[in-house]
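File shown: run28.txt (compact mmCIF, N, CA, C and O atoms).
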# COMPACT_ATOMS: atom_id res chain seq x y z
N MET A 1 8.38 1.50 10.09
CA MET A 1 9.45 0.97 10.86
C MET A 1 10.11 -0.13 10.02
O MET A 1 9.43 -0.82 9.26
N ILE A 2 11.40 -0.27 10.15
CA ILE A 2 12.13 -1.32 9.43
C ILE A 2 12.62 -2.33 10.45
O ILE A 2 13.30 -1.98 11.41
N LEU A 3 12.26 -3.57 10.22
CA LEU A 3 12.67 -4.67 11.10
C LEU A 3 13.74 -5.49 10.40
O LEU A 3 13.64 -5.76 9.20
N ASP A 4 14.76 -5.89 11.13
CA ASP A 4 15.79 -6.74 10.53
C ASP A 4 15.59 -8.19 10.94
O ASP A 4 14.67 -8.52 11.69
N HIS A 5 16.41 -9.04 10.42
CA HIS A 5 16.38 -10.48 10.70
C HIS A 5 15.06 -11.14 10.28
O HIS A 5 14.59 -12.07 10.91
N GLU A 6 14.43 -10.63 9.20
CA GLU A 6 13.18 -11.23 8.74
C GLU A 6 13.44 -12.67 8.31
O GLU A 6 14.39 -12.95 7.58
N GLY A 7 12.62 -13.56 8.79
CA GLY A 7 12.77 -14.98 8.46
C GLY A 7 14.04 -15.58 9.02
O GLY A 7 14.52 -16.60 8.54
N GLY A 8 14.63 -14.92 10.02
CA GLY A 8 15.84 -15.44 10.64
C GLY A 8 17.11 -15.14 9.87
O GLY A 8 18.19 -15.61 10.23
N VAL A 9 17.01 -14.36 8.80
CA VAL A 9 18.18 -14.01 7.99
C VAL A 9 18.65 -12.62 8.39
O VAL A 9 17.88 -11.66 8.35
N GLN A 10 19.90 -12.51 8.77
CA GLN A 10 20.43 -11.27 9.33
C GLN A 10 20.25 -10.07 8.41
O GLN A 10 19.91 -8.97 8.87
N THR A 11 20.45 -10.22 7.13
CA THR A 11 20.40 -9.08 6.21
C THR A 11 19.02 -8.83 5.61
O THR A 11 18.85 -7.88 4.85
N SER A 12 18.04 -9.67 5.91
CA SER A 12 16.71 -9.46 5.33
C SER A 12 15.87 -8.56 6.21
O SER A 12 16.01 -8.54 7.43
N LEU A 13 14.99 -7.79 5.55
CA LEU A 13 14.21 -6.77 6.24
C LEU A 13 12.71 -6.98 6.05
O LEU A 13 12.27 -7.60 5.09
N ALA A 14 11.96 -6.39 6.98
CA ALA A 14 10.51 -6.31 6.86
C ALA A 14 10.11 -4.89 7.18
O ALA A 14 10.73 -4.22 8.02
N LEU A 15 9.08 -4.41 6.51
CA LEU A 15 8.54 -3.08 6.77
C LEU A 15 7.30 -3.22 7.63
O LEU A 15 6.49 -4.14 7.42
N LEU A 16 7.14 -2.34 8.58
CA LEU A 16 5.99 -2.37 9.48
C LEU A 16 5.38 -0.98 9.52
O LEU A 16 6.06 0.00 9.81
N ASP A 17 4.10 -0.91 9.20
CA ASP A 17 3.39 0.36 9.20
C ASP A 17 2.27 0.28 10.24
O ASP A 17 1.45 -0.62 10.21
N TYR A 18 2.28 1.22 11.16
CA TYR A 18 1.26 1.27 12.21
C TYR A 18 0.07 2.10 11.74
O TYR A 18 0.25 3.19 11.20
N LYS A 19 -1.12 1.58 11.95
CA LYS A 19 -2.36 2.29 11.63
C LYS A 19 -3.24 2.29 12.87
O LYS A 19 -3.25 1.32 13.63
N THR A 20 -3.99 3.36 13.06
CA THR A 20 -4.87 3.42 14.24
C THR A 20 -5.97 2.39 14.18
O THR A 20 -6.41 1.88 15.20
N SER A 21 -6.42 2.06 12.98
CA SER A 21 -7.37 0.97 12.80
C SER A 21 -7.41 0.61 11.32
O SER A 21 -7.08 1.42 10.46
N THR A 22 -7.81 -0.62 11.04
CA THR A 22 -7.94 -1.09 9.66
C THR A 22 -9.25 -1.83 9.53
O THR A 22 -9.96 -2.05 10.50
N SER A 23 -9.53 -2.26 8.31
CA SER A 23 -10.72 -3.06 8.08
C SER A 23 -10.47 -4.53 8.42
O SER A 23 -11.34 -5.36 8.23
N GLY A 24 -9.27 -4.82 8.89
CA GLY A 24 -8.90 -6.20 9.16
C GLY A 24 -8.25 -6.88 7.97
O GLY A 24 -8.01 -8.07 7.97
N ASP A 25 -7.95 -6.08 6.95
CA ASP A 25 -7.36 -6.60 5.73
C ASP A 25 -6.22 -5.68 5.32
O ASP A 25 -6.41 -4.47 5.16
N ALA A 26 -5.06 -6.23 5.14
CA ALA A 26 -3.87 -5.42 4.79
C ALA A 26 -3.95 -4.85 3.38
O ALA A 26 -3.21 -3.94 3.06
N THR A 27 -4.85 -5.36 2.54
CA THR A 27 -4.92 -4.86 1.17
C THR A 27 -5.28 -3.37 1.11
O THR A 27 -4.95 -2.70 0.15
N ASP A 28 -5.94 -2.84 2.15
CA ASP A 28 -6.27 -1.42 2.19
C ASP A 28 -5.01 -0.56 2.17
O ASP A 28 -5.05 0.58 1.71
N HIS A 29 -3.92 -1.08 2.66
CA HIS A 29 -2.68 -0.31 2.78
C HIS A 29 -1.53 -0.97 2.00
O HIS A 29 -0.39 -0.53 2.12
N ALA A 30 -1.85 -1.96 1.22
CA ALA A 30 -0.81 -2.73 0.53
C ALA A 30 -0.03 -1.88 -0.47
O ALA A 30 1.19 -1.99 -0.55
N LEU A 31 -0.71 -1.03 -1.22
CA LEU A 31 -0.01 -0.23 -2.23
C LEU A 31 1.11 0.59 -1.60
O LEU A 31 2.23 0.63 -2.11
N GLN A 32 0.84 1.23 -0.49
CA GLN A 32 1.84 2.03 0.20
C GLN A 32 3.06 1.17 0.57
O GLN A 32 4.20 1.54 0.30
N LEU A 33 2.82 0.02 1.15
CA LEU A 33 3.92 -0.85 1.57
C LEU A 33 4.65 -1.47 0.37
O LEU A 33 5.85 -1.70 0.42
N GLN A 34 3.92 -1.72 -0.70
CA GLN A 34 4.55 -2.26 -1.91
C GLN A 34 5.50 -1.23 -2.52
O GLN A 34 6.60 -1.57 -2.95
N ILE A 35 5.09 0.03 -2.53
CA ILE A 35 5.95 1.08 -3.07
C ILE A 35 7.19 1.26 -2.19
O ILE A 35 8.30 1.38 -2.69
N TYR A 36 7.00 1.25 -0.88
CA TYR A 36 8.15 1.33 0.03
C TYR A 36 9.09 0.14 -0.18
O TYR A 36 10.31 0.30 -0.19
N SER A 37 8.52 -1.05 -0.31
CA SER A 37 9.33 -2.26 -0.52
C SER A 37 10.10 -2.17 -1.84
O SER A 37 11.29 -2.50 -1.91
N ASP A 38 9.42 -1.71 -2.87
CA ASP A 38 10.05 -1.54 -4.17
C ASP A 38 11.21 -0.57 -4.08
O ASP A 38 12.30 -0.82 -4.60
N ALA A 39 11.01 0.55 -3.40
CA ALA A 39 12.08 1.54 -3.25
C ALA A 39 13.27 0.95 -2.51
O ALA A 39 14.43 1.14 -2.90
N GLY A 40 13.00 0.21 -1.45
CA GLY A 40 14.09 -0.43 -0.71
C GLY A 40 14.86 -1.42 -1.55
O GLY A 40 16.10 -1.45 -1.54
N ARG A 41 14.12 -2.21 -2.31
CA ARG A 41 14.78 -3.20 -3.18
C ARG A 41 15.62 -2.51 -4.24
O ARG A 41 16.73 -2.97 -4.56
N ARG A 42 15.12 -1.41 -4.79
CA ARG A 42 15.89 -0.67 -5.81
C ARG A 42 17.15 -0.06 -5.23
O ARG A 42 18.10 0.22 -5.97
N GLU A 43 17.19 0.13 -3.92
CA GLU A 43 18.38 0.63 -3.25
C GLU A 43 19.31 -0.51 -2.81
O GLU A 43 20.30 -0.29 -2.13
N GLY A 44 18.95 -1.74 -3.17
CA GLY A 44 19.79 -2.89 -2.85
C GLY A 44 19.47 -3.58 -1.54
O GLY A 44 20.22 -4.47 -1.11
N LEU A 45 18.37 -3.19 -0.90
CA LEU A 45 18.00 -3.82 0.37
C LEU A 45 17.19 -5.09 0.11
O LEU A 45 16.48 -5.20 -0.88
N ASP A 46 17.31 -6.03 1.01
CA ASP A 46 16.61 -7.31 0.90
C ASP A 46 15.30 -7.23 1.69
O ASP A 46 15.19 -7.75 2.79
N VAL A 47 14.30 -6.56 1.10
CA VAL A 47 13.00 -6.43 1.75
C VAL A 47 12.18 -7.67 1.39
O VAL A 47 11.83 -7.88 0.24
N ARG A 48 11.90 -8.48 2.40
CA ARG A 48 11.20 -9.74 2.18
C ARG A 48 9.75 -9.76 2.64
O ARG A 48 9.01 -10.66 2.26
N ALA A 49 9.37 -8.81 3.47
CA ALA A 49 8.01 -8.84 4.01
C ALA A 49 7.57 -7.43 4.39
O ALA A 49 8.40 -6.53 4.53
N ALA A 50 6.25 -7.29 4.53
CA ALA A 50 5.68 -6.01 4.99
C ALA A 50 4.43 -6.33 5.80
O ALA A 50 3.69 -7.27 5.49
N TYR A 51 4.22 -5.52 6.83
CA TYR A 51 3.09 -5.75 7.73
C TYR A 51 2.39 -4.43 8.05
O TYR A 51 3.02 -3.38 8.10
N VAL A 52 1.10 -4.54 8.28
CA VAL A 52 0.31 -3.43 8.81
C VAL A 52 -0.07 -3.83 10.23
O VAL A 52 -0.62 -4.92 10.44
N HIS A 53 0.26 -2.98 11.18
CA HIS A 53 -0.11 -3.26 12.57
C HIS A 53 -1.30 -2.39 12.94
O HIS A 53 -1.20 -1.16 12.95
N ASP A 54 -2.43 -3.03 13.17
CA ASP A 54 -3.66 -2.34 13.56
C ASP A 54 -3.61 -2.10 15.06
O ASP A 54 -3.72 -3.03 15.86
N LEU A 55 -3.42 -0.85 15.46
CA LEU A 55 -3.28 -0.52 16.87
C LEU A 55 -4.57 -0.76 17.65
O LEU A 55 -4.54 -1.20 18.80
N LYS A 56 -5.71 -0.47 17.03
CA LYS A 56 -7.00 -0.65 17.71
C LYS A 56 -7.25 -2.13 18.01
O LYS A 56 -7.64 -2.49 19.11
N ALA A 57 -7.03 -2.98 17.03
CA ALA A 57 -7.28 -4.41 17.19
C ALA A 57 -6.08 -5.15 17.77
O ALA A 57 -6.17 -6.33 18.09
N SER A 58 -4.95 -4.45 17.86
CA SER A 58 -3.70 -5.07 18.31
C SER A 58 -3.41 -6.33 17.50
O SER A 58 -3.16 -7.40 18.04
N ASP A 59 -3.45 -6.13 16.18
CA ASP A 59 -3.29 -7.25 15.26
C ASP A 59 -2.31 -6.85 14.16
O ASP A 59 -2.29 -5.70 13.72
N ARG A 60 -1.50 -7.79 13.71
CA ARG A 60 -0.55 -7.54 12.65
C ARG A 60 -0.98 -8.31 11.41
O ARG A 60 -1.20 -9.51 11.45
N LEU A 61 -1.12 -7.58 10.30
CA LEU A 61 -1.59 -8.15 9.04
C LEU A 61 -0.45 -8.18 8.03
O LEU A 61 0.37 -7.26 7.99
N VAL A 62 -0.43 -9.19 7.20
CA VAL A 62 0.61 -9.35 6.19
C VAL A 62 0.20 -8.65 4.89
O VAL A 62 -0.91 -8.86 4.40
N ALA A 63 1.08 -7.81 4.36
CA ALA A 63 0.87 -7.17 3.06
C ALA A 63 1.67 -7.94 2.02
O ALA A 63 2.80 -8.37 2.28
N ASP A 64 1.08 -8.12 0.86
CA ASP A 64 1.73 -8.87 -0.22
C ASP A 64 2.82 -8.02 -0.87
O ASP A 64 2.53 -6.98 -1.46
N VAL A 65 4.06 -8.44 -0.73
CA VAL A 65 5.18 -7.76 -1.40
C VAL A 65 5.93 -8.73 -2.32
O VAL A 65 7.13 -8.61 -2.52
N SER A 66 5.17 -9.65 -2.88
CA SER A 66 5.75 -10.57 -3.86
C SER A 66 6.15 -9.77 -5.10
O SER A 66 5.71 -8.63 -5.31
N ASP A 67 6.97 -10.35 -5.94
CA ASP A 67 7.39 -9.68 -7.17
C ASP A 67 6.18 -9.29 -8.02
O ASP A 67 6.13 -8.19 -8.58
N THR A 68 5.19 -10.17 -8.08
CA THR A 68 3.98 -9.89 -8.86
C THR A 68 3.23 -8.69 -8.29
O THR A 68 2.78 -7.81 -9.04
N ALA A 69 3.10 -8.62 -6.98
CA ALA A 69 2.41 -7.50 -6.33
C ALA A 69 3.18 -6.20 -6.54
O ALA A 69 2.57 -5.15 -6.78
N ILE A 70 4.49 -6.27 -6.45
CA ILE A 70 5.32 -5.07 -6.65
C ILE A 70 5.17 -4.56 -8.08
O ILE A 70 5.01 -3.36 -8.31
N GLU A 71 5.20 -5.47 -9.05
CA GLU A 71 5.04 -5.07 -10.46
C GLU A 71 3.68 -4.41 -10.68
O GLU A 71 3.58 -3.40 -11.38
N ALA A 72 2.63 -4.95 -10.08
CA ALA A 72 1.29 -4.37 -10.22
C ALA A 72 1.23 -2.99 -9.58
O ALA A 72 0.61 -2.07 -10.13
N SER A 73 1.88 -2.83 -8.43
CA SER A 73 1.88 -1.52 -7.77
C SER A 73 2.64 -0.49 -8.61
O SER A 73 2.24 0.67 -8.69
N GLU A 74 3.72 -0.91 -9.25
CA GLU A 74 4.46 -0.01 -10.13
C GLU A 74 3.56 0.47 -11.27
O GLU A 74 3.54 1.66 -11.60
N ARG A 75 2.81 -0.46 -11.88
CA ARG A 75 1.91 -0.09 -12.97
C ARG A 75 0.85 0.90 -12.48
O ARG A 75 0.52 1.87 -13.17
N THR A 76 0.32 0.67 -11.28
CA THR A 76 -0.69 1.57 -10.72
C THR A 76 -0.15 2.97 -10.57
O THR A 76 -0.80 3.96 -10.94
N VAL A 77 1.05 3.10 -10.03
CA VAL A 77 1.65 4.41 -9.80
C VAL A 77 2.03 5.08 -11.12
O VAL A 77 1.79 6.28 -11.31
N VAL A 78 2.58 4.34 -12.05
CA VAL A 78 2.96 4.90 -13.36
C VAL A 78 1.70 5.39 -14.08
O VAL A 78 1.70 6.49 -14.66
N ASP A 79 0.63 4.61 -14.04
CA ASP A 79 -0.62 5.02 -14.68
C ASP A 79 -1.19 6.28 -14.03
O ASP A 79 -1.65 7.19 -14.71
N ALA A 80 -1.17 6.33 -12.70
CA ALA A 80 -1.68 7.51 -11.99
C ALA A 80 -0.86 8.75 -12.33
O ALA A 80 -1.41 9.84 -12.56
N ALA A 81 0.45 8.60 -12.39
CA ALA A 81 1.32 9.73 -12.73
C ALA A 81 1.06 10.21 -14.15
O ALA A 81 1.03 11.43 -14.41
N ALA A 82 0.86 9.28 -15.06
CA ALA A 82 0.57 9.65 -16.45
C ALA A 82 -0.74 10.43 -16.54
O ALA A 82 -0.83 11.42 -17.27
N ARG A 83 -1.75 10.00 -15.79
CA ARG A 83 -3.03 10.72 -15.79
C ARG A 83 -2.86 12.12 -15.21
O ARG A 83 -3.43 13.08 -15.72
N LEU A 84 -2.08 12.25 -14.16
CA LEU A 84 -1.83 13.58 -13.57
C LEU A 84 -1.09 14.49 -14.56
O LEU A 84 -1.45 15.66 -14.71
N ARG A 85 -0.06 13.94 -15.21
CA ARG A 85 0.71 14.74 -16.17
C ARG A 85 -0.16 15.22 -17.33
O ARG A 85 0.02 16.33 -17.84
N SER A 86 -1.12 14.40 -17.73
CA SER A 86 -1.99 14.78 -18.85
C SER A 86 -3.23 15.53 -18.36
O SER A 86 -4.13 15.82 -19.15
N ARG A 87 -3.25 15.84 -17.07
CA ARG A 87 -4.36 16.58 -16.45
C ARG A 87 -5.70 15.85 -16.60
O ARG A 87 -6.74 16.45 -16.78
N ASP A 88 -5.63 14.53 -16.54
CA ASP A 88 -6.82 13.69 -16.60
C ASP A 88 -7.32 13.47 -15.18
O ASP A 88 -6.82 12.62 -14.45
N TYR A 89 -8.31 14.25 -14.80
CA TYR A 89 -8.86 14.17 -13.46
C TYR A 89 -10.27 13.58 -13.48
O TYR A 89 -11.07 13.84 -12.58
N ALA A 90 -10.57 12.82 -14.51
CA ALA A 90 -11.91 12.25 -14.65
C ALA A 90 -12.20 11.33 -13.46
O ALA A 90 -11.36 10.52 -13.07
N PRO A 91 -13.39 11.46 -12.89
CA PRO A 91 -13.76 10.58 -11.77
C PRO A 91 -13.82 9.13 -12.24
O PRO A 91 -14.13 8.85 -13.40
N ASN A 92 -13.53 8.25 -11.34
CA ASN A 92 -13.55 6.82 -11.65
C ASN A 92 -14.25 6.07 -10.52
O ASN A 92 -13.65 5.25 -9.83
N PRO A 93 -15.54 6.37 -10.32
CA PRO A 93 -16.24 5.78 -9.18
C PRO A 93 -16.53 4.29 -9.37
O PRO A 93 -16.69 3.80 -10.48
N SER A 94 -16.54 3.59 -8.26
CA SER A 94 -17.00 2.20 -8.22
C SER A 94 -17.56 1.97 -6.82
O SER A 94 -17.23 2.70 -5.89
N LYS A 95 -18.39 0.98 -6.70
CA LYS A 95 -19.03 0.72 -5.41
C LYS A 95 -17.98 0.49 -4.32
O LYS A 95 -18.05 1.09 -3.24
N ALA A 96 -17.00 -0.35 -4.58
CA ALA A 96 -15.98 -0.66 -3.57
C ALA A 96 -15.10 0.55 -3.27
O ALA A 96 -14.82 0.85 -2.11
N ARG A 97 -14.67 1.25 -4.31
CA ARG A 97 -13.78 2.40 -4.13
C ARG A 97 -14.51 3.51 -3.36
O ARG A 97 -13.97 4.09 -2.43
N CYS A 98 -15.74 3.79 -3.74
CA CYS A 98 -16.49 4.87 -3.11
C CYS A 98 -16.87 4.53 -1.66
O CYS A 98 -16.94 5.42 -0.81
N ALA A 99 -17.11 3.28 -1.38
CA ALA A 99 -17.47 2.88 -0.02
C ALA A 99 -16.35 3.16 0.97
O ALA A 99 -16.60 3.44 2.14
N ALA A 100 -15.11 3.14 0.50
CA ALA A 100 -13.97 3.36 1.39
C ALA A 100 -13.43 4.78 1.32
O ALA A 100 -12.50 5.12 2.04
N CYS A 101 -14.01 5.63 0.50
CA CYS A 101 -13.49 6.98 0.29
C CYS A 101 -13.87 7.91 1.44
O CYS A 101 -15.01 7.93 1.89
N GLU A 102 -12.91 8.73 1.84
CA GLU A 102 -13.12 9.67 2.94
C GLU A 102 -14.01 10.85 2.57
O GLU A 102 -14.59 11.49 3.44
N VAL A 103 -14.13 11.16 1.29
CA VAL A 103 -14.92 12.32 0.89
C VAL A 103 -16.22 11.93 0.16
O VAL A 103 -16.83 12.75 -0.50
N ARG A 104 -16.63 10.71 0.32
CA ARG A 104 -17.81 10.23 -0.41
C ARG A 104 -19.08 11.02 -0.11
O ARG A 104 -19.94 11.13 -0.96
N THR A 105 -19.18 11.56 1.10
CA THR A 105 -20.42 12.28 1.45
C THR A 105 -20.56 13.61 0.71
O THR A 105 -21.67 14.12 0.61
N VAL A 106 -19.48 14.17 0.19
CA VAL A 106 -19.55 15.43 -0.51
C VAL A 106 -19.19 15.31 -1.99
O VAL A 106 -19.21 16.31 -2.71
N CYS A 107 -18.90 14.12 -2.45
CA CYS A 107 -18.47 13.92 -3.83
C CYS A 107 -19.68 13.81 -4.76
O CYS A 107 -20.56 12.98 -4.55
N GLY A 108 -19.67 14.60 -5.81
CA GLY A 108 -20.75 14.56 -6.78
C GLY A 108 -20.65 13.38 -7.73
O GLY A 108 -21.61 13.10 -8.45
N SER A 109 -19.55 12.69 -7.74
CA SER A 109 -19.36 11.56 -8.65
C SER A 109 -19.45 10.21 -7.97
O SER A 109 -19.20 9.19 -8.59
N ARG A 110 -19.79 10.20 -6.70
CA ARG A 110 -19.77 8.95 -5.94
C ARG A 110 -20.73 7.92 -6.51
O ARG A 110 -21.77 8.25 -7.09
N HIS A 111 -20.36 6.68 -6.35
CA HIS A 111 -21.19 5.55 -6.75
C HIS A 111 -22.20 5.33 -5.65
O HIS A 111 -21.86 5.23 -4.47
N THR A 112 -23.47 5.27 -6.01
CA THR A 112 -24.51 5.09 -4.99
C THR A 112 -25.05 3.69 -5.00
O THR A 112 -24.89 2.93 -5.87
Take the structure I supplied and represent it as structure tokens, if you would.
Amino acid sequence: MILDHEGGVQTSLALLDYKTSTSGDATDHALQLQIYSDAGRREGLDVRAAYVHDLKASDRLVADVSDTAIEASERTVVDAAARLRSRDYAPNPSKARCAACEVRTVCGSRHT
């Protein structure tokens, strides 16, 4: 969802993404919102904020869409695309990444 009047400024926008539940931390979904924010900014929109709304907890969390966060998200996506283009599908397990993965119970490369 796109909200206008962010920070009381008529032309500034905020992005709002609804999730059925979260871990209580917007960083789980920050990359998605950073990419959306980046796309909006590249189209000339004044995207100043992004939020994840946890429907289960009825709580709104702030996602970092600072210039630094956007630049880091761009690097993440460019690196992932380069790996896909080169057919580099090597597993990259880590305790934190595997703990949050939806397919960890069937993955042969999971971090234990």
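For A:Thr22, the non-local neighbours within 8 Å, defined as residues at least 5 positions apart in the same chain or in other chains and counting only N, CA, C and O atoms, are A:Asp28, A:His53, A:Asp54, A:Leu55, A:Lys56, A:Ala57, A:Asp59.
Nearest to A:Glu6 of all the residues A:Asp46, A:Arg87, A:Asp64, A:Val77 is A:Asp46, counting all atoms listed in the file.
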If you run DSSP on the backbone here, which positions in chain A get helix (DSSP H, G or I)? Please write them as number ranges by chain. A: 6-8, 26-28, 30-42, 67-85, 95-99
Considering only strand (DSSP E) as DSSP defines it on the backbone, what residues of chain A qualify? List them as a list in words.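 Everything in chain A that counts as strand (DSSP E) is Ile2, Leu3, Asp4, Ser12, Leu13, Ala14, Leu15, Leu16, Asp17, Tyr18, Lys19, Asp46, Val47, Arg48, Ala49, Ala50, Tyr51, Val52, His53, Asp54, Asp59, Arg60, Leu61, Val62 and Ala63 of chain A.
Put simply, atom CA of A:Tyr89 is 22.6 Å away from atom CA of A:His29.
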For atom O of A:Leu16 and atom C of A:Leu61, quote the distance in Å rounded to one decimal.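 If I compute the distance from atom O of A:Leu16 to atom C of A:Leu61, I get 10.6 Å.
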Of the candidates A:Thr27, A:Ser21, A:Ser12, A:Thr76, which shows the shortest atom-to-atom distance to A:Val47, using only C-alpha atoms?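 Of the candidates, the smallest distance to A:Val47 is held by A:Ser12.
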Excluding A:Leu13 and its own-chain neighbours fewer than 4 positions away, which residues fall within 8 Å of it when counting all atoms listed in the file? Please give them as a list of chain:residue names.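 Within the cut-off, the hits are A:Met1, A:Ile2, A:Leu3, A:Asp4, A:His5, A:Glu6, A:Gly7, A:Val9, A:Leu45, A:Asp46, A:Val47, A:Arg48, A:Ala49, A:Ala50.
Take the candidates A:Asp17, A:Asp79, A:Asp38, A:Asp88 and check each one against A:Val65 using only N, CA, C and O atoms; the shortest distance goes to A:Asp38.
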Please give the centre and size of the box around stretch 68-74 of chain A (axis-aligned, containing every atom listed in the file, 6 Å added per side), with values in Å to one decimal and written as AutoDock Vina command-line options.
--center_x 3.0 --center_y -4.3 --center_z -9.0 --size_x 16.7 --size_y 23.8 --size_z 17.3
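Each of A:Ala82, A:Ile35, A:Ala69, A:Ala14 was checked against A:Tyr51 using all atoms listed in the file; the smallest atom-to-atom distance is that of A:Ala14.
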